[in-house]
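Coordinates as given in start_11.csv (CSV, C-alpha atoms and all ligand atoms):
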chain,number,residue,atom,x,y,z
A,234,MET,CA,0.0,0.0,0.0
A,235,GLU,CA,1.3,3.4,-0.9
A,236,VAL,CA,1.5,5.9,1.9
A,237,ALA,CA,0.4,9.3,0.6
A,238,SER,CA,2.1,12.6,1.6
A,239,ALA,CA,-0.4,15.2,2.9
A,240,SER,CA,1.9,18.1,2.3
A,241,ALA,CA,3.2,19.9,-0.8
A,242,GLU,CA,6.5,20.6,0.9
A,243,PRO,CA,9.3,18.0,0.3
A,244,GLY,CA,10.3,16.4,3.6
A,245,ARG,CA,7.2,17.5,5.4
A,246,THR,CA,4.6,14.8,5.6
A,247,TRP,CA,2.0,13.7,8.2
A,248,ASN,CA,3.1,10.2,7.5
A,249,SER,CA,6.5,8.8,8.3
A,250,PRO,CA,8.9,8.7,5.4
A,251,HIS,CA,10.6,5.7,7.0
A,252,TRP,CA,8.1,2.9,6.2
A,253,THR,CA,5.1,2.0,4.1
A,254,ALA,CA,1.8,0.7,5.3
A,255,ASP,CA,3.0,-2.8,4.5
A,256,ASP,CA,5.6,-2.5,7.2
A,257,ILE,CA,3.0,-2.4,9.9
A,258,GLY,CA,1.9,-6.0,9.2
A,259,PRO,CA,-1.7,-7.4,8.9
A,260,ASP,CA,-2.5,-7.3,12.6
A,261,PHE,CA,-1.7,-3.7,13.5
A,262,ALA,CA,-4.9,-2.1,12.3
A,263,PRO,CA,-7.2,-4.9,13.7
A,264,MET,CA,-5.2,-4.8,17.0
A,265,LEU,CA,-6.1,-1.1,17.3
A,266,ASP,CA,-9.7,-1.8,16.5
A,267,ALA,CA,-9.8,-4.4,19.3
A,268,MET,CA,-8.2,-1.8,21.6
A,269,ARG,CA,-11.0,0.7,20.6
A,270,VAL,CA,-13.7,-1.8,21.4
A,271,PHE,CA,-11.9,-2.5,24.7
A,272,HIS,CA,-11.9,1.2,25.6
A,273,HIS,CA,-15.6,1.5,25.1
A,274,ARG,CA,-16.4,-1.6,27.1
A,275,LEU,CA,-14.0,-0.6,29.9
A,276,ALA,CA,-15.7,2.8,30.1
A,277,GLY,CA,-19.1,1.0,30.4
A,278,ALA,CA,-18.1,-1.7,32.9
A,279,ARG,CA,-18.3,-2.3,36.6
A,280,LEU,CA,-15.5,-4.7,37.2
A,281,PRO,CA,-15.1,-7.4,39.9
A,282,ASP,CA,-11.8,-7.2,41.8
A,283,ASP,CA,-10.4,-10.5,40.3
A,284,LEU,CA,-10.9,-9.2,36.8
A,285,THR,CA,-9.4,-5.8,37.6
A,286,GLU,CA,-6.3,-7.6,39.1
A,287,GLU,CA,-6.0,-9.9,36.1
A,288,MET,CA,-6.2,-6.9,33.7
A,289,ARG,CA,-3.6,-5.0,35.7
A,290,GLY,CA,-1.2,-7.9,35.3
A,291,ILE,CA,-1.8,-8.2,31.6
A,292,PHE,CA,-1.3,-4.4,31.1
A,293,GLU,CA,1.9,-4.4,33.1
A,294,ARG,CA,3.4,-7.3,31.2
A,295,LEU,CA,2.4,-5.8,27.8
A,296,GLY,CA,3.7,-2.4,28.8
A,297,GLU,CA,7.1,-4.0,29.7
A,298,ARG,CA,7.2,-5.7,26.3
A,299,LEU,CA,6.5,-2.4,24.5
A,300,LEU,CA,9.6,-0.8,26.2
A,301,GLU,CA,12.1,-2.5,23.9
A,302,HIS,CA,10.1,-1.3,20.8
A,303,GLN,CA,10.2,2.4,21.6
A,304,VAL,CA,11.4,4.5,18.6
A,305,PRO,CA,12.0,8.2,18.0
A,306,GLU,CA,9.0,10.3,17.1
A,307,GLU,CA,9.7,10.4,13.4
A,308,ARG,CA,9.7,6.6,13.2
A,309,GLN,CA,6.5,6.0,15.2
A,310,ILE,CA,3.4,4.6,13.5
A,311,ALA,CA,0.7,6.2,15.7
A,312,GLY,CA,-0.8,9.2,13.9
A,313,ARG,CA,1.5,8.9,10.9
A,314,ILE,CA,-0.2,6.5,8.6
A,315,ASP,CA,-3.2,7.0,6.3
A,316,ILE,CA,-5.4,4.2,7.4
A,317,PRO,CA,-8.7,4.6,9.2
A,318,GLY,CA,-7.9,6.1,12.6
A,319,ARG,CA,-4.4,7.0,11.4
A,320,GLY,CA,-3.0,4.3,13.6
A,321,GLN,CA,-3.7,6.2,16.8
A,322,LEU,CA,-6.3,6.0,19.6
A,323,LEU,CA,-6.6,9.7,20.7
A,324,VAL,CA,-9.0,11.0,18.0
A,325,PRO,CA,-12.2,9.0,17.4
A,326,ASN,CA,-12.1,6.9,14.2
A,327,TYR,CA,-14.0,8.4,11.3
A,328,GLU,CA,-14.9,7.5,7.7
A,329,LEU,CA,-14.5,10.0,4.8
A,330,ASP,CA,-17.3,10.0,2.2
A,331,ALA,CA,-16.3,13.0,0.2
A,332,VAL,CA,-12.7,14.2,-0.3
A,333,GLU,CA,-12.4,17.3,-2.5
A,334,PRO,CA,-9.6,19.9,-2.6
A,335,ASP,CA,-11.6,22.4,-0.5
A,336,PHE,CA,-14.2,20.1,1.1
A,337,LEU,CA,-14.4,17.0,3.2
A,338,ALA,CA,-17.4,15.1,4.5
A,339,GLY,CA,-17.7,12.0,6.6
A,340,ARG,CA,-19.3,10.0,9.4
A,341,LEU,CA,-18.3,8.8,12.9
A,342,THR,CA,-19.9,7.2,16.0
A,343,TYR,CA,-18.5,8.3,19.3
A,344,GLY,CA,-18.4,5.2,21.5
A,345,ARG,CA,-18.8,4.9,25.3
A,346,HIS,CA,-15.2,5.9,25.8
A,347,PHE,CA,-16.1,9.4,24.8
A,348,LEU,CA,-19.1,9.8,27.1
A,349,GLY,CA,-19.3,13.0,29.2
A,350,ARG,CA,-22.6,12.6,31.0
A,351,ASN,CA,-26.2,11.7,30.3
A,352,GLY,CA,-25.6,10.1,26.9
A,353,ALA,CA,-23.7,13.1,25.6
A,354,VAL,CA,-20.2,13.2,24.1
A,355,TYR,CA,-17.6,14.8,26.3
A,356,GLY,CA,-17.3,18.4,25.1
A,357,GLY,CA,-13.5,18.3,24.5
A,358,ALA,CA,-13.8,15.3,22.2
A,359,ILE,CA,-15.5,17.5,19.6
A,360,PRO,CA,-12.7,20.0,19.0
A,361,LEU,CA,-10.4,17.0,18.9
A,362,LEU,CA,-12.4,15.7,16.0
A,363,PHE,CA,-12.5,19.1,14.3
A,364,ASP,CA,-8.8,19.7,14.7
A,365,SER,CA,-8.1,16.3,13.0
A,366,VAL,CA,-10.7,16.8,10.2
A,367,LEU,CA,-10.0,20.5,9.5
A,368,GLY,CA,-6.3,19.9,9.9
A,369,ARG,CA,-6.4,17.2,7.3
A,370,LEU,CA,-8.1,19.6,4.9
A,371,ALA,CA,-5.7,22.4,5.7
A,372,ASN,CA,-2.8,20.1,5.1
A,373,GLY,CA,-4.2,18.3,2.1
A,374,PRO,CA,-2.3,17.4,-1.1
A,375,GLY,CA,-0.9,20.5,-2.7
A,376,ARG,CA,-1.0,22.6,0.4
A,377,PRO,CA,2.1,23.5,2.4
A,378,ALA,CA,2.1,22.5,6.0
A,379,SER,CA,0.0,24.6,8.4
A,380,ARG,CA,-0.7,24.6,12.1
A,381,THR,CA,-3.9,25.3,14.1
A,382,ALA,CA,-3.9,28.9,15.4
A,383,TYR,CA,-7.4,28.7,16.8
A,384,LEU,CA,-10.5,26.5,16.8
A,385,HIS,CA,-13.7,28.3,17.7
A,386,VAL,CA,-16.3,25.7,18.6
A,387,ASP,CA,-20.0,26.4,19.3
A,388,TYR,CA,-22.0,23.7,20.9
A,389,ARG,CA,-25.5,24.0,19.4
A,390,SER,CA,-27.2,20.9,20.8
A,391,ILE,CA,-26.3,17.7,22.7
A,392,THR,CA,-24.1,15.3,20.7
A,393,PRO,CA,-25.2,11.8,21.4
A,394,ILE,CA,-22.8,8.8,21.8
A,395,GLU,CA,-23.3,5.5,20.1
A,396,THR,CA,-25.2,7.1,17.2
A,397,GLU,CA,-23.9,7.8,13.7
A,398,LEU,CA,-23.0,11.5,13.2
A,399,ARG,CA,-22.0,13.4,10.1
A,400,PHE,CA,-19.4,16.1,9.7
A,401,THR,CA,-18.3,18.5,7.0
A,402,ALA,CA,-15.2,20.7,6.6
A,403,GLU,CA,-14.7,23.4,4.0
A,404,VAL,CA,-12.1,26.0,3.2
A,405,ALA,CA,-13.8,29.3,3.7
A,406,ARG,CA,-11.0,31.5,2.4
A,407,GLN,CA,-7.3,32.0,2.2
A,408,GLU,CA,-5.5,35.3,3.0
A,409,GLY,CA,-1.8,35.0,2.6
A,410,ARG,CA,-0.6,32.5,5.2
A,411,LYS,CA,-4.0,32.4,6.8
A,412,ARG,CA,-6.3,29.5,5.9
A,413,PHE,CA,-9.8,29.9,7.3
A,414,ILE,CA,-11.7,26.6,7.6
A,415,ARG,CA,-15.1,25.9,9.0
A,416,GLY,CA,-16.9,22.7,9.8
A,417,THR,CA,-20.1,21.2,11.2
A,418,LEU,CA,-21.1,18.1,13.2
A,419,SER,CA,-24.7,16.9,12.9
A,420,HIS,CA,-27.1,14.2,14.1
A,421,GLY,CA,-29.7,13.6,11.5
A,422,GLY,CA,-31.1,17.1,10.7
A,423,THR,CA,-29.8,18.5,14.0
A,424,LEU,CA,-26.7,20.6,14.1
A,425,CYS,CA,-24.7,19.5,17.2
A,426,ALA,CA,-21.7,21.8,16.8
A,427,ASP,CA,-19.9,24.0,14.4
A,428,VAL,CA,-16.4,25.4,14.2
A,429,ASP,CA,-14.5,28.3,12.7
A,430,ALA,CA,-10.8,27.7,12.5
A,431,LEU,CA,-7.6,29.5,11.5
A,432,PHE,CA,-4.6,27.5,10.2
A,433,LEU,CA,-1.4,29.3,9.6
A,434,VAL,CA,1.0,28.1,6.9
A,435,LEU,CA,4.3,27.6,8.6
A,436,ARG,CA,7.3,29.7,7.8
A,437,PRO,CA,10.6,28.0,6.8
A,438,HIS,CA,12.0,28.0,10.3
A,439,GLN,CA,8.9,26.5,11.8
A,440,ARG,CA,8.1,22.8,12.1
A,501,LIG,C1,-3.1,12.0,5.4
A,501,LIG,C2,-3.1,12.3,6.9
A,501,LIG,C3,-3.4,13.7,7.2
A,501,LIG,C4,-3.6,13.9,8.6
A,501,LIG,C5,-3.8,15.3,9.1
A,501,LIG,C6,-3.9,15.5,10.5
A,501,LIG,C7,-4.1,16.9,10.9
A,501,LIG,C8,-3.8,17.2,12.3
A,501,LIG,C9,-3.8,18.6,12.5
A,501,LIG,C10,-3.4,19.1,13.8
A,501,LIG,C11,-2.9,20.5,13.8
A,501,LIG,C12,-2.5,20.9,15.2
A,501,LIG,O1,-3.2,20.6,16.1
A,501,LIG,S1,-1.1,21.9,15.3
A,501,LIG,C13,-0.9,22.0,17.1
A,501,LIG,C14,-1.8,23.0,17.7
A,501,LIG,N1,-1.3,24.4,17.4
A,501,LIG,C15,-0.2,24.9,17.9
A,501,LIG,O2,0.5,24.3,18.7
A,501,LIG,C16,0.2,26.3,17.3
A,501,LIG,C17,1.0,27.1,18.3
A,501,LIG,N2,1.2,28.4,17.8
A,501,LIG,C18,2.1,28.6,16.9
A,501,LIG,O3,3.0,27.8,16.6
A,501,LIG,C19,2.2,30.0,16.3
A,501,LIG,O4,1.4,30.9,17.1
A,501,LIG,C20,1.6,30.0,14.9
A,501,LIG,C21,2.5,29.2,13.9
A,501,LIG,C22,0.2,29.5,14.8
A,501,LIG,C23,1.6,31.5,14.4
A,501,LIG,O5,2.9,32.0,14.6
A,501,LIG,P1,3.6,32.9,13.5
A,501,LIG,O6,3.9,32.1,12.4
A,501,LIG,O7,4.8,33.6,14.2
A,501,LIG,O8,2.6,33.9,13.1
A,501,LIG,P2,2.3,35.4,13.6
A,501,LIG,O9,3.3,36.3,12.9
A,501,LIG,O10,2.1,35.4,15.1
A,501,LIG,O11,0.8,35.6,13.0
A,501,LIG,C24,0.6,35.7,11.6
A,501,LIG,C25,-0.8,36.3,11.4
A,501,LIG,O12,-1.8,35.4,11.9
A,501,LIG,C26,-2.5,36.1,13.0
A,501,LIG,N3,-2.7,35.1,14.1
A,501,LIG,C27,-1.8,34.3,14.7
A,501,LIG,N4,-2.4,33.5,15.6
A,501,LIG,C28,-3.7,33.9,15.7
A,501,LIG,C29,-4.8,33.6,16.5
A,501,LIG,N5,-4.7,32.6,17.4
A,501,LIG,N6,-5.9,34.2,16.3
A,501,LIG,C30,-6.1,35.2,15.3
A,501,LIG,N7,-5.1,35.5,14.5
A,501,LIG,C31,-3.9,35.0,14.7
A,501,LIG,C32,-1.6,37.2,13.4
A,501,LIG,O13,-2.3,38.3,14.0
A,501,LIG,C33,-0.9,37.6,12.1
A,501,LIG,O14,-1.9,38.4,11.4
A,501,LIG,P3,-1.4,39.6,10.5
A,501,LIG,O15,-0.8,40.6,11.4
A,501,LIG,O16,-0.5,39.0,9.5
A,501,LIG,O17,-2.7,40.1,9.8

Would you mind writing the file out in structure tokens?
Amino acid sequence: MEVASASAEPGRTWNSPHWTADDIGPDFAPMLDAMRVFHHRLAGARLPDDLTEEMRGIFERLGERLLEHQVPEERQIAGRIDIPGRGQLLVPNYELDAVEPDFLAGRLTYGRHFLGRNGAVYGGAIPLLFDSVLGRLANGPGRPASRTAYLHVDYRSITPIETELRFTAEVARQEGRKRFIRGTLSHGGTLCADVDALFLVLRPHQR
């Protein structure tokens, strides 16, 4: 599988230049999916003591094994590969349905891991999604790398967990280094949140 560069500037990519998607092996993405399911079930569980103790032992042993596989940031996989979820567990996984130079649209379902209270998504998980989706558009093919200067999020109605939501992102305008991008998150016909964001194209000394 070819790993696409998301930046127009040679040497600046969101994906690692050190490996291709084939290097991660067939089990990496399914392993992360299993971890996501685990996060949601853990958030929703009341655990008996014996299971908590067993899990602690498993995590301690696995954590020890990961120690010998630590690599410098530029060689890590998490967040640096163009597969669903980008190989990381911080930002909720989403599917893209429309990818155009100035517009993206897609779907996601926030699982129980992202619950705030009363069936609603934790508020901070929404700018996290917007930063990822709008950042992807701001740093899409043909665009030099840029960084989030601000994300102005308005919460218009409760965002439900465990329900399919739709999002959009579009480039509103570009003024010199300033790239203004806006986005929406909706549940059916209900607008849950919208965002106005500024991304600034990096200067040569910035990284
Ligand atoms: C395939 C897989 C893809 C996968 C894609 C995955 C995408 C993930 C994207 C994640 C992106 C991030 O989260 S990045 C991480 C979060 N962001 C950061 O950490 C940014 C921290 N801040 C900075 O580094 C800096 O402040 C910069 C680079 C944003 C700006 O600094 P600068 O370059 O020195 O620019 P500066 O001269 O200050 O400002 C330039 C102009 O912008 C204006 N300006 C600057 N900041 C602001 C602001 N917050 N609000 C309003 N205006 C501002 C100034 O007034 C000025 O206007 P005028 O006088 O010219 O009119």

Residues up to 10 Å from ligand LIG 501 (chain A), counting only C-alpha atoms and all ligand atoms: could you list those as a VMD selection string? chain A and resid 236 to 240 246 to 248 312 to 319 324 360 to 374 378 to 385 408 to 412 430 to 440

At a cut-off of 10 Å around the point (-16.4, 19.7, 6.6) (file coordinates), what residues fall inside when counting all atoms listed in the file? I'd like the answer as a PyMOL selection string. chain A and resi 331-332+335-339+363+366-367+370+399-404+414-418+427-428

Taking into account all atoms listed in the file, which residue in the set A:Arg289, A:Pro393, A:Leu322, A:Ala276 is nearest to A:Ile310?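 Counting all atoms listed in the file, the residue closest to A:Ile310 is A:Leu322.
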
What is the atom CA of A:Asp255 to atom CA of A:Pro325 distance in Å?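 That distance, rounded to one decimal, is 23.2 Å.
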
What separation in Å, quoted to one decimal, exists between atom CA of A:Thr396 and atom CA of A:Thr342?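 Between these atoms lies a distance of 5.4 Å.
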
Give me, please, the distance in Å between atom CA of A:Gly296 and atom CA of A:Arg279, quoted to one decimal.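 If I compute the distance from atom CA of A:Gly296 to atom CA of A:Arg279, I get 23.3 Å.
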
Give as an MDAnalysis selection string each residue that has an atom at most 7 Å from (-19.1, 21.0, 20.3) in the file, counting only C-alpha atoms. chainID A and resid 356 359:360 386:388 425:427

Same residues, C-alpha atoms, output as an mmCIF file, in the coordinates of the input:
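Written output follows (result05.cif):
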data_model
loop_
_atom_site.group_PDB
_atom_site.id
_atom_site.type_symbol
_atom_site.label_atom_id
_atom_site.label_comp_id
_atom_site.auth_asym_id
_atom_site.auth_seq_id
_atom_site.Cartn_x
_atom_site.Cartn_y
_atom_site.Cartn_z
ATOM 1 C CA GLY A 356 -17.300 18.400 25.100
ATOM 2 C CA ILE A 359 -15.500 17.500 19.600
ATOM 3 C CA PRO A 360 -12.700 20.000 19.000
ATOM 4 C CA VAL A 386 -16.300 25.700 18.600
ATOM 5 C CA ASP A 387 -20.000 26.400 19.300
ATOM 6 C CA TYR A 388 -22.000 23.700 20.900
ATOM 7 C CA CYS A 425 -24.700 19.500 17.200
ATOM 8 C CA ALA A 426 -21.700 21.800 16.800
ATOM 9 C CA ASP A 427 -19.900 24.000 14.400
#

May I have the centre and edge lengths, in Å to one decimal, of an axis-aligned box around the listed atoms of stretch 361-370 of chain A with 5 Å added to every side, as AutoDock Vina command-line options?
--center_x -9.4 --center_y 18.1 --center_z 11.9 --size_x 16.2 --size_y 14.8 --size_z 24.0

Could you give me, as a ChimeraX atom specification, the residues within 12 Å of stretch 269-273 of chain A, counting only C-alpha atoms and dropping anything in the same chain fewer than 2 positions from it? /A:262-267,275-278,288,318,320-326,342-348,394-395

Do you know which residues are at most 10 Å from A:Ile391 counting all atoms listed in the file, after dropping those on the same chain fewer than 5 positions away, and could you put them as a count of residues only? 12

Any chance you could turn stretch 329-345 of chain A into a file with N, CA, C and O atoms, as an mmCIF file, in the first residue's frame?
data_model
loop_
_atom_site.group_PDB
_atom_site.id
_atom_site.type_symbol
_atom_site.label_atom_id
_atom_site.label_comp_id
_atom_site.auth_asym_id
_atom_site.auth_seq_id
_atom_site.Cartn_x
_atom_site.Cartn_y
_atom_site.Cartn_z
ATOM 1 N N LEU A 329 -14.337 8.858 5.767
ATOM 2 C CA LEU A 329 -14.528 9.987 4.846
ATOM 3 C C LEU A 329 -15.390 9.538 3.672
ATOM 4 O O LEU A 329 -15.127 8.505 3.058
ATOM 5 N N ASP A 330 -16.435 10.283 3.377
ATOM 6 C CA ASP A 330 -17.320 9.973 2.250
ATOM 7 C C ASP A 330 -17.039 10.866 1.049
ATOM 8 O O ASP A 330 -17.331 10.491 -0.080
ATOM 9 N N ALA A 331 -16.551 12.076 1.286
ATOM 10 C CA ALA A 331 -16.258 13.012 0.198
ATOM 11 C C ALA A 331 -14.920 13.678 0.491
ATOM 12 O O ALA A 331 -14.702 14.187 1.595
ATOM 13 N N VAL A 332 -14.035 13.617 -0.486
ATOM 14 C CA VAL A 332 -12.715 14.241 -0.343
ATOM 15 C C VAL A 332 -12.474 15.086 -1.582
ATOM 16 O O VAL A 332 -12.233 14.560 -2.664
ATOM 17 N N GLU A 333 -12.600 16.390 -1.416
ATOM 18 C CA GLU A 333 -12.353 17.326 -2.521
ATOM 19 C C GLU A 333 -11.280 18.303 -2.065
ATOM 20 O O GLU A 333 -11.009 18.397 -0.866
ATOM 21 N N PRO A 334 -10.683 19.032 -2.991
ATOM 22 C CA PRO A 334 -9.585 19.919 -2.578
ATOM 23 C C PRO A 334 -9.984 20.900 -1.467
ATOM 24 O O PRO A 334 -9.186 21.174 -0.575
ATOM 25 N N ASP A 335 -11.228 21.414 -1.516
ATOM 26 C CA ASP A 335 -11.645 22.413 -0.528
ATOM 27 C C ASP A 335 -12.779 21.932 0.368
ATOM 28 O O ASP A 335 -13.430 22.749 1.044
ATOM 29 N N PHE A 336 -13.036 20.628 0.378
ATOM 30 C CA PHE A 336 -14.207 20.132 1.122
ATOM 31 C C PHE A 336 -13.990 18.680 1.529
ATOM 32 O O PHE A 336 -13.476 17.874 0.746
ATOM 33 N N LEU A 337 -14.384 18.370 2.757
ATOM 34 C CA LEU A 337 -14.407 16.986 3.232
ATOM 35 C C LEU A 337 -15.752 16.729 3.886
ATOM 36 O O LEU A 337 -16.333 17.630 4.510
ATOM 37 N N ALA A 338 -16.249 15.492 3.778
ATOM 38 C CA ALA A 338 -17.445 15.094 4.530
ATOM 39 C C ALA A 338 -17.256 13.656 4.976
ATOM 40 O O ALA A 338 -16.587 12.868 4.287
ATOM 41 N N GLY A 339 -17.841 13.334 6.113
ATOM 42 C CA GLY A 339 -17.696 11.966 6.604
ATOM 43 C C GLY A 339 -18.624 11.660 7.752
ATOM 44 O O GLY A 339 -19.521 12.457 8.081
ATOM 45 N N ARG A 340 -18.398 10.481 8.335
ATOM 46 C CA ARG A 340 -19.267 9.967 9.401
ATOM 47 C C ARG A 340 -18.415 9.428 10.536
ATOM 48 O O ARG A 340 -17.302 8.950 10.297
ATOM 49 N N LEU A 341 -18.976 9.451 11.729
ATOM 50 C CA LEU A 341 -18.348 8.759 12.855
ATOM 51 C C LEU A 341 -19.397 8.454 13.905
ATOM 52 O O LEU A 341 -20.493 9.058 13.900
ATOM 53 N N THR A 342 -19.055 7.535 14.779
ATOM 54 C CA THR A 342 -19.874 7.244 15.955
ATOM 55 C C THR A 342 -18.953 7.328 17.164
ATOM 56 O O THR A 342 -17.934 6.634 17.210
ATOM 57 N N TYR A 343 -19.282 8.214 18.097
ATOM 58 C CA TYR A 343 -18.515 8.271 19.347
ATOM 59 C C TYR A 343 -18.981 7.115 20.238
ATOM 60 O O TYR A 343 -20.164 7.034 20.582
ATOM 61 N N GLY A 344 -18.071 6.248 20.615
ATOM 62 C CA GLY A 344 -18.415 5.159 21.531
ATOM 63 C C GLY A 344 -18.416 5.626 22.980
ATOM 64 O O GLY A 344 -18.172 6.798 23.288
ATOM 65 N N ARG A 345 -18.664 4.666 23.872
ATOM 66 C CA ARG A 345 -18.811 4.949 25.307
ATOM 67 C C ARG A 345 -17.564 5.596 25.923
ATOM 68 O O ARG A 345 -17.649 6.343 26.899
#
